[in-house]
>>> print(open('coords.cif').read())   # mmCIF, C-alpha atoms
data_protein
#
loop_
_atom_site.label_atom_id
_atom_site.label_comp_id
_atom_site.auth_asym_id
_atom_site.auth_seq_id
_atom_site.Cartn_x
_atom_site.Cartn_y
_atom_site.Cartn_z
CA MET O 107 3.21 -37.36 84.17
CA ALA O 108 5.69 -36.02 81.60
CA GLU O 109 2.86 -34.29 79.76
CA VAL O 110 1.68 -32.57 82.94
CA THR O 111 5.22 -31.33 83.61
CA GLU O 112 5.51 -30.07 80.05
CA PHE O 113 2.18 -28.19 80.34
CA ASN O 114 3.29 -26.63 83.62
CA GLU O 115 6.57 -25.48 82.11
CA ARG O 116 4.70 -23.88 79.20
CA LEU O 117 2.33 -22.18 81.61
CA VAL O 118 5.27 -20.81 83.62
CA CYS O 119 6.89 -19.53 80.40
CA ALA O 120 3.65 -17.85 79.31
CA ILE O 121 3.28 -16.16 82.72
CA LEU O 122 6.92 -15.07 82.78
CA ALA O 123 6.59 -13.64 79.27
CA GLU O 124 3.63 -11.50 80.39
CA GLN O 125 5.51 -10.38 83.47
CA VAL O 126 8.54 -9.29 81.45
CA VAL O 127 6.18 -7.42 79.09
CA ALA O 128 4.78 -5.57 82.14
CA LEU O 129 8.32 -4.84 83.33
CA ARG O 130 9.33 -3.58 79.87
CA ASP O 131 6.30 -1.27 79.73
CA ARG O 132 7.28 0.21 83.08
CA MET O 133 10.69 1.12 81.66
CA ASP O 134 9.04 3.94 79.73
CA ALA O 135 10.71 7.11 80.92
CA GLY O 136 8.77 9.48 78.65
CA ALA O 137 7.91 11.90 81.47
CA THR O 138 11.57 12.15 82.54
CA PHE O 139 12.70 12.88 79.00
CA ASP O 140 9.92 15.40 78.50
CA LEU O 141 11.13 17.23 81.62
CA LEU O 142 14.72 17.10 80.35
CA TRP O 143 13.75 18.61 76.97
CA ARG O 144 11.64 21.28 78.64
CA THR O 145 14.54 22.16 80.93
CA THR O 146 16.97 22.52 78.03
CA ALA O 147 14.38 24.59 76.11
CA LEU O 148 13.94 26.82 79.16
CA LEU O 149 17.70 27.24 79.51
CA SER O 150 17.92 28.25 75.82
CA TRP O 151 15.19 30.80 76.38
CA LEU O 152 16.90 32.19 79.52
CA SER O 153 20.17 32.39 77.68
CA GLY O 154 18.56 34.42 74.87
CA LEU O 155 16.80 36.62 77.42
CA LEU O 156 20.05 37.42 79.24
CA SER O 157 21.72 38.35 75.95
CA ASP O 158 18.77 40.58 74.94
CA LEU O 159 18.76 42.29 78.33
CA SER O 160 22.41 43.13 77.97
CA ARG O 161 21.91 44.50 74.44
CA HIS O 162 19.05 46.75 75.55
CA THR O 163 20.78 47.98 78.70
CA PRO O 164 23.93 49.82 77.55
CA THR O 165 24.78 51.09 81.03
CA LEU O 166 24.67 47.78 82.85
CA ASN O 167 26.39 47.68 86.21
CA PRO O 168 29.82 45.98 85.71
CA ILE O 169 29.12 43.53 88.54
CA LEU O 170 25.78 42.55 86.97
CA GLU O 171 27.46 42.30 83.56
CA ARG O 172 30.08 39.90 84.96
CA GLU O 173 27.40 37.83 86.65
CA ARG O 174 25.38 37.77 83.43
CA ALA O 175 28.40 36.47 81.51
CA GLU O 176 29.04 33.82 84.18
CA ALA O 177 25.40 32.76 84.11
CA LEU O 178 25.52 32.38 80.32
CA THR O 179 28.62 30.19 80.57
CA GLU O 180 26.98 28.06 83.28
CA ILE O 181 23.74 27.73 81.29
CA SER O 182 25.65 26.62 78.21
CA GLU O 183 27.58 24.02 80.23
CA ILE O 184 24.45 22.64 81.89
CA ARG O 185 22.61 22.44 78.55
CA HIS O 186 25.52 20.48 77.08
CA LYS O 187 25.54 18.08 80.06
CA LEU O 188 21.75 17.64 79.93
CA ASP O 189 21.94 16.79 76.23
CA GLU O 190 24.61 14.19 76.94
CA LEU O 191 22.66 12.76 79.88
CA ALA O 192 19.40 12.52 77.92
CA PHE O 193 21.09 10.86 74.95
CA SER O 194 22.96 8.39 77.15
CA GLN O 195 19.77 7.54 79.12
CA ALA O 196 17.75 7.14 75.94
CA GLN O 197 20.29 4.65 74.59
CA LYS O 198 20.42 2.71 77.88
CA GLN O 199 16.63 2.54 77.98
CA ASP O 200 16.47 1.41 74.37
CA PHE O 201 19.05 -1.30 75.03
CA ALA O 202 17.18 -2.57 78.12
CA ARG O 203 13.91 -2.58 76.18
CA GLN O 204 15.46 -4.62 73.36
CA ILE O 205 16.89 -7.16 75.82
CA ALA O 206 13.43 -7.43 77.42
CA ASP O 207 11.91 -7.94 73.94
CA CYS O 208 14.37 -10.78 73.36
CA VAL O 209 13.44 -12.47 76.67
CA VAL O 210 9.71 -12.07 75.90
CA THR O 211 10.11 -13.61 72.43
CA ALA O 212 12.08 -16.55 73.84
CA LEU O 213 9.55 -17.21 76.62
CA GLU O 214 6.62 -16.90 74.21
CA ARG O 215 8.21 -19.45 71.89
CA MET O 216 8.84 -21.81 74.80
CA ALA O 217 5.21 -21.42 75.85
CA VAL O 218 3.82 -22.34 72.43
CA ALA O 219 1.35 -25.19 72.88
CA GLU O 220 1.76 -26.47 69.31
CA MET O 221 5.45 -27.22 69.80
CA PRO O 222 5.75 -30.97 69.15
CA ALA O 223 6.45 -33.00 72.28
CA GLY O 224 10.12 -33.65 72.77
CA THR O 225 11.24 -30.57 70.80
CA SER O 226 12.70 -27.74 72.74
CA PHE O 227 13.84 -24.18 72.37
CA SER O 228 17.62 -24.49 72.17
CA SER O 229 20.35 -22.05 73.16
CA GLN O 230 21.10 -21.67 69.44
CA ASP O 231 17.49 -20.62 68.87
CA LEU O 232 17.90 -18.10 71.67
CA ALA O 233 21.13 -16.75 70.16
CA GLN O 234 19.24 -15.90 66.95
CA LEU O 235 17.25 -13.30 68.88
CA TYR O 236 20.20 -11.23 70.11
CA ILE O 237 20.61 -7.66 69.04
CA SER O 238 24.07 -6.91 70.42
CA ASP O 239 27.51 -8.38 70.93
CA ASP O 240 27.13 -7.85 74.68
CA GLN O 241 24.30 -10.39 74.68
CA ARG O 242 26.26 -12.82 72.49
CA ASN O 243 29.35 -12.55 74.71
CA LEU O 244 27.29 -13.16 77.85
CA HIS O 245 25.62 -16.12 76.17
CA ASN O 246 28.99 -17.63 75.22
CA GLU O 247 30.36 -17.10 78.74
CA ILE O 248 27.41 -18.95 80.27
CA VAL O 249 27.56 -21.80 77.75
CA THR O 250 31.29 -22.20 78.43
CA ARG O 251 30.79 -22.05 82.20
CA LEU O 252 27.99 -24.62 82.24
CA ASN O 253 29.76 -26.94 79.81
CA GLY O 254 33.04 -26.62 81.65
CA MET I 203 17.96 23.99 56.46
CA PRO I 204 19.26 20.47 55.68
CA VAL I 205 16.89 17.64 56.56
CA ILE I 206 17.93 14.53 58.48
CA LEU I 207 15.62 11.50 58.43
CA VAL I 208 15.75 9.58 61.73
CA LEU I 209 14.34 6.03 61.97
CA ASP I 210 14.14 4.21 65.29
CA ASP I 211 11.39 2.16 66.96
CA SER I 212 12.22 3.72 70.33
CA ALA I 213 10.23 6.93 70.80
CA THR I 214 12.78 8.10 73.36
CA MET I 215 15.67 7.62 70.93
CA VAL I 216 13.77 9.48 68.21
CA MET I 217 13.09 12.37 70.60
CA SER I 218 16.67 12.43 71.79
CA LEU I 219 18.19 12.33 68.30
CA SER I 220 15.75 14.98 67.04
CA HIS I 221 16.62 17.28 69.95
CA ILE I 222 20.37 16.98 69.33
CA LEU I 223 20.08 17.43 65.55
CA LYS I 224 17.67 20.37 65.78
CA GLY I 225 20.00 22.02 68.29
CA ALA I 226 22.80 21.73 65.73
CA GLY I 227 20.73 23.46 63.03
CA TYR I 228 19.09 20.60 61.13
CA ASP I 229 15.46 19.97 60.25
CA VAL I 230 14.41 16.49 61.36
CA GLU I 231 11.91 14.05 59.89
CA THR I 232 11.21 10.88 61.86
CA GLY I 233 9.77 7.39 61.51
CA MET I 234 9.29 4.47 63.90
CA ASN I 235 10.33 1.77 61.42
CA GLY I 236 11.71 1.23 57.92
CA ARG I 237 8.25 1.23 56.33
CA GLU I 238 7.51 4.70 57.69
CA GLY I 239 10.90 5.80 56.37
CA ILE I 240 10.11 4.53 52.86
CA ASN I 241 6.72 6.24 53.01
CA LYS I 242 8.41 9.54 53.89
CA LEU I 243 10.81 9.18 50.95
CA ASN I 244 7.94 8.34 48.60
CA GLU I 245 6.10 11.43 49.87
CA GLY I 246 8.98 13.46 48.46
CA ILE I 247 11.10 14.20 51.52
CA LYS I 248 14.71 14.70 50.44
CA PRO I 249 16.97 14.12 53.44
CA SER I 250 20.62 15.11 53.28
CA VAL I 251 21.48 12.25 55.66
CA ILE I 252 19.49 9.27 56.96
CA LEU I 253 20.08 7.81 60.44
CA THR I 254 18.54 4.39 60.95
CA ASP I 255 18.35 1.73 63.61
CA LEU I 256 18.67 -1.91 62.50
CA ASN I 257 16.22 -3.79 64.72
CA MET I 258 12.80 -2.37 63.92
CA PRO I 259 9.38 -3.95 63.35
CA GLU I 260 7.59 -4.14 59.96
CA LEU I 261 10.68 -3.25 57.91
CA ASP I 262 14.07 -3.43 59.60
CA GLY I 263 17.09 -1.25 58.92
CA ILE I 264 18.63 -3.54 56.30
CA GLY I 265 15.30 -3.85 54.45
CA PHE I 266 14.89 -0.08 54.60
CA ILE I 267 18.35 0.56 53.14
CA LYS I 268 17.72 -1.89 50.29
CA GLU I 269 14.39 -0.24 49.42
CA ALA I 270 15.73 3.30 49.86
CA ARG I 271 18.54 2.57 47.40
CA LYS I 272 15.92 1.72 44.77
CA ILE I 273 14.35 5.20 45.06
CA SER I 274 16.12 7.53 42.62
CA GLY I 275 16.26 10.49 45.05
CA THR I 276 18.04 8.51 47.77
CA ARG I 277 20.27 6.25 45.69
CA PHE I 278 23.33 8.20 46.87
CA THR I 279 22.06 9.75 50.12
CA PRO I 280 24.38 8.92 53.03
CA ILE I 281 22.73 6.35 55.31
CA ILE I 282 24.24 5.91 58.77
CA VAL I 283 23.28 2.89 60.83
CA LEU I 284 22.93 3.68 64.55
CA THR I 285 22.49 0.46 66.45
CA THR I 286 23.37 -1.67 69.45
CA GLU I 287 24.71 -4.25 66.98
CA SER I 288 28.47 -4.12 66.68
CA GLY I 289 28.86 -7.53 65.03
CA GLY I 290 30.87 -7.85 61.82
CA ARG I 291 28.24 -9.98 60.08
CA LYS I 292 25.48 -7.41 60.54
CA ARG I 293 27.84 -4.66 59.54
CA ASP I 294 28.75 -6.48 56.32
CA GLU I 295 25.08 -7.09 55.65
CA ALA I 296 24.29 -3.39 56.12
CA ARG I 297 27.20 -2.34 53.91
CA ALA I 298 26.12 -4.78 51.20
CA ALA I 299 22.61 -3.32 51.38
CA GLY I 300 24.03 0.16 50.79
CA ALA I 301 24.78 1.66 54.23
CA SER I 302 27.39 4.41 54.15
CA GLY I 303 28.50 4.30 57.79
CA TRP I 304 27.97 2.80 61.21
CA LEU I 305 27.69 4.16 64.76
CA THR I 306 27.41 1.72 67.65
CA LYS I 307 25.21 2.64 70.63
CA PRO I 308 26.03 3.89 73.17
CA ALA I 309 27.36 6.86 71.22
CA GLU I 310 28.09 10.38 72.42
CA PRO I 311 26.13 13.32 70.98
CA SER I 312 29.48 14.77 69.79
CA GLN I 313 30.28 11.56 67.86
CA LEU I 314 26.89 11.62 66.20
CA LEU I 315 27.15 15.30 65.26
CA SER I 316 30.69 14.89 64.02
CA VAL I 317 29.56 12.18 61.56
CA VAL I 318 26.48 14.10 60.45
CA LYS I 319 28.40 17.36 60.05
CA GLN I 320 31.05 15.67 57.93
CA LEU I 321 28.35 14.42 55.58
CA CYS I 322 26.21 17.52 55.72
CA PRO I 323 27.73 20.71 57.16
CA THR I 324 25.39 23.42 58.43
CA LYS I 325 26.13 27.04 57.57
#
>>> encode(input="coords.cif", output="structure tokens")
Amino acid sequence: MAEVTEFNERLVCAILAEQVVALRDRMDAGATFDLLWRTTALLSWLSGLLSDLSRHTPTLNPILERERAEALTEISEIRHKLDELAFSQAQKQDFARQIADCVVTALERMAVAEMPAGTSFSSQDLAQLYISDDQRNLHNEIVTRLNG
Amino acid sequence: MPVILVLDDSATMVMSLSHILKGAGYDVETGMNGREGINKLNEGIKPSVILTDLNMPELDGIGFIKEARKISGTRFTPIIVLTTESGGRKRDEARAAGASGWLTKPAEPSQLLSVVKQLCPTK
């Protein structure tokens, strides 16, 4: 009976590992980032175009000139914000992907059929897989809570 | 134009870092792990600064730093570790391997550029 339970647990771990892999692969936001880069590239191009237009039009209407200057300021601000947003999102995505990698590795190890009966994957083994202090702090909180 | 070598196993991070650095006037070479970084150095690329992640497949950041320090052209090149790891032990390990500095993710583009510009100003 114990052996059947152990096999079932390993099977569940193997399935969960595959499901987290599928989830991790869906985190890919390549298309979003591509659009972000293309938008910032377009804004750079527009900014250059507005400057060139002004240079080649010495008698530009003062109202248009003011609007051109305002547009350039706005473009510069939006580009700056887009850069910040893309960088922040890239880091968040990377962090989520690494946490998913950690969960997959742990589940795969728990699903290993060769693991001798009676041995288990301990919380210390799990802690070896962490890649950030956030994970370690969460781990310690849970250990304390469950032991308390 | 000064060259920055960026190593990260996340394609999105590599794209993002390249975009920011190119926008600030740097040329960027990239690799998806430490092994690719070492290959680039052996091919003769001479970066002014190297930005590397720690957790990468094949050859991790610490392994990369150790190997890079054995290559004469990069013995004294500034190597900045950009990672989600903020732990003291990892930091000590990276420093012992030869890392020059450390930036913990999430970082702001301005923080990154400030560090890179201090080490390698653009004209």
>>> interface_residues(input="coords.cif", of="chain O", to="chain I", cutoff="9 Å", atoms="all atoms listed in the file", output="list in words")
Asp134, Ala135, Gly136, Phe139, Trp143, Asp189, Glu190, Ala192, Phe193, Ser194, Ala196, Gln197, Lys198, Gln199, Asp200, Phe201, Arg203, Gln204, Tyr236, Ile237, Ser238, Asp239 and Asp240 of chain O
>>> residues_around(input="coords.cif", residues="Val205 of chain I", least_positions_apart="2", cutoff="8 Å", atoms="only C-alpha atoms", output="ChimeraX atom specification")
/I:203,207,228-231,248-251
>>> atom_distance(input="coords.cif", atom1="atom CA of Ala233 of chain O", atom2="atom CA of Asn246 of chain O")
9.4 Å
>>> atom_distance(input="coords.cif", atom1="atom CA of Ser182 of chain O", atom2="atom CA of Ala226 of chain I")
13.7 Å
>>> residues_around(input="coords.cif", residues="Gln230 of chain O", least_positions_apart="3", cutoff="12 Å", atoms="all atoms listed in the file", output="PDB file with C-alpha atoms, in the frame of the given file")
ATOM      1  CA  ALA O 212      12.080 -16.550  73.840  1.00  0.00           C
ATOM      2  CA  SER O 226      12.700 -27.740  72.740  1.00  0.00           C
ATOM      3  CA  PHE O 227      13.840 -24.180  72.370  1.00  0.00           C
ATOM      4  CA  ALA O 233      21.130 -16.750  70.160  1.00  0.00           C
ATOM      5  CA  GLN O 234      19.240 -15.900  66.950  1.00  0.00           C
ATOM      6  CA  LEU O 235      17.250 -13.300  68.880  1.00  0.00           C
ATOM      7  CA  TYR O 236      20.200 -11.230  70.110  1.00  0.00           C
ATOM      8  CA  ARG O 242      26.260 -12.820  72.490  1.00  0.00           C
ATOM      9  CA  HIS O 245      25.620 -16.120  76.170  1.00  0.00           C
ATOM     10  CA  ASN O 246      28.990 -17.630  75.220  1.00  0.00           C
ATOM     11  CA  VAL O 249      27.560 -21.800  77.750  1.00  0.00           C
TER      12      VAL O 249
END
>>> resolve_selection(input="coords.cif", expression="the PyMOL selection byres ((chain O and resi 154-160) around 12)", output="ChimeraX atom specification")
/O:147-153,161-168,170-179,181-182
>>> residues_around(input="coords.cif", residues="Leu253 of chain I", least_positions_apart="3", cutoff="6 Å", atoms="only C-alpha atoms", output="mmCIF file with C-alpha atoms, in the coordinates of the input")
data_model
loop_
_atom_site.group_PDB
_atom_site.id
_atom_site.type_symbol
_atom_site.label_atom_id
_atom_site.label_comp_id
_atom_site.auth_asym_id
_atom_site.auth_seq_id
_atom_site.Cartn_x
_atom_site.Cartn_y
_atom_site.Cartn_z
ATOM 1 C CA VAL I 208 15.750 9.580 61.730
ATOM 2 C CA ILE I 281 22.730 6.350 55.310
ATOM 3 C CA ILE I 282 24.240 5.910 58.770
ATOM 4 C CA VAL I 283 23.280 2.890 60.830
#
>>> residues_near_point(input="coords.cif", point="(25.6, 19.5, 59.9)", cutoff="10 Å", atoms="all atoms listed in the file", output="ChimeraX atom specification")
/I:203-206,223-224,226-228,250-251,315-325
>>> closest_residue(input="coords.cif", among="I:Asp255, I:Phe266, I:Arg277, I:Ser220", to="Gly236 of chain I", atoms="all atoms listed in the file")
I:Phe266
>>> residues_around(input="coords.cif", residues="Val218 of chain O", least_positions_apart="5", cutoff="10 Å", atoms="all atoms listed in the file", output="PyMOL selection string")
chain O and resi 113+116-117+119-120+213
>>> atom_distance(input="coords.cif", atom1="atom CA of Pro259 of chain I", atom2="atom CA of Val127 of chain O")
16.4 Å
>>> residues_around(input="coords.cif", residues="Thr211 of chain O", least_positions_apart="5", cutoff="10 Å", atoms="only C-alpha atoms", output="ChimeraX atom specification")
/O:123,127,205-206,216-217,232,235
>>> resolve_selection(input="coords.cif", expression="the PyMOL selection byres ((chain I and resi 267) around 12)", output="ChimeraX atom specification")
/I:209,235-237,239-240,243,252-256,261-266,268-273,276-283,295-303
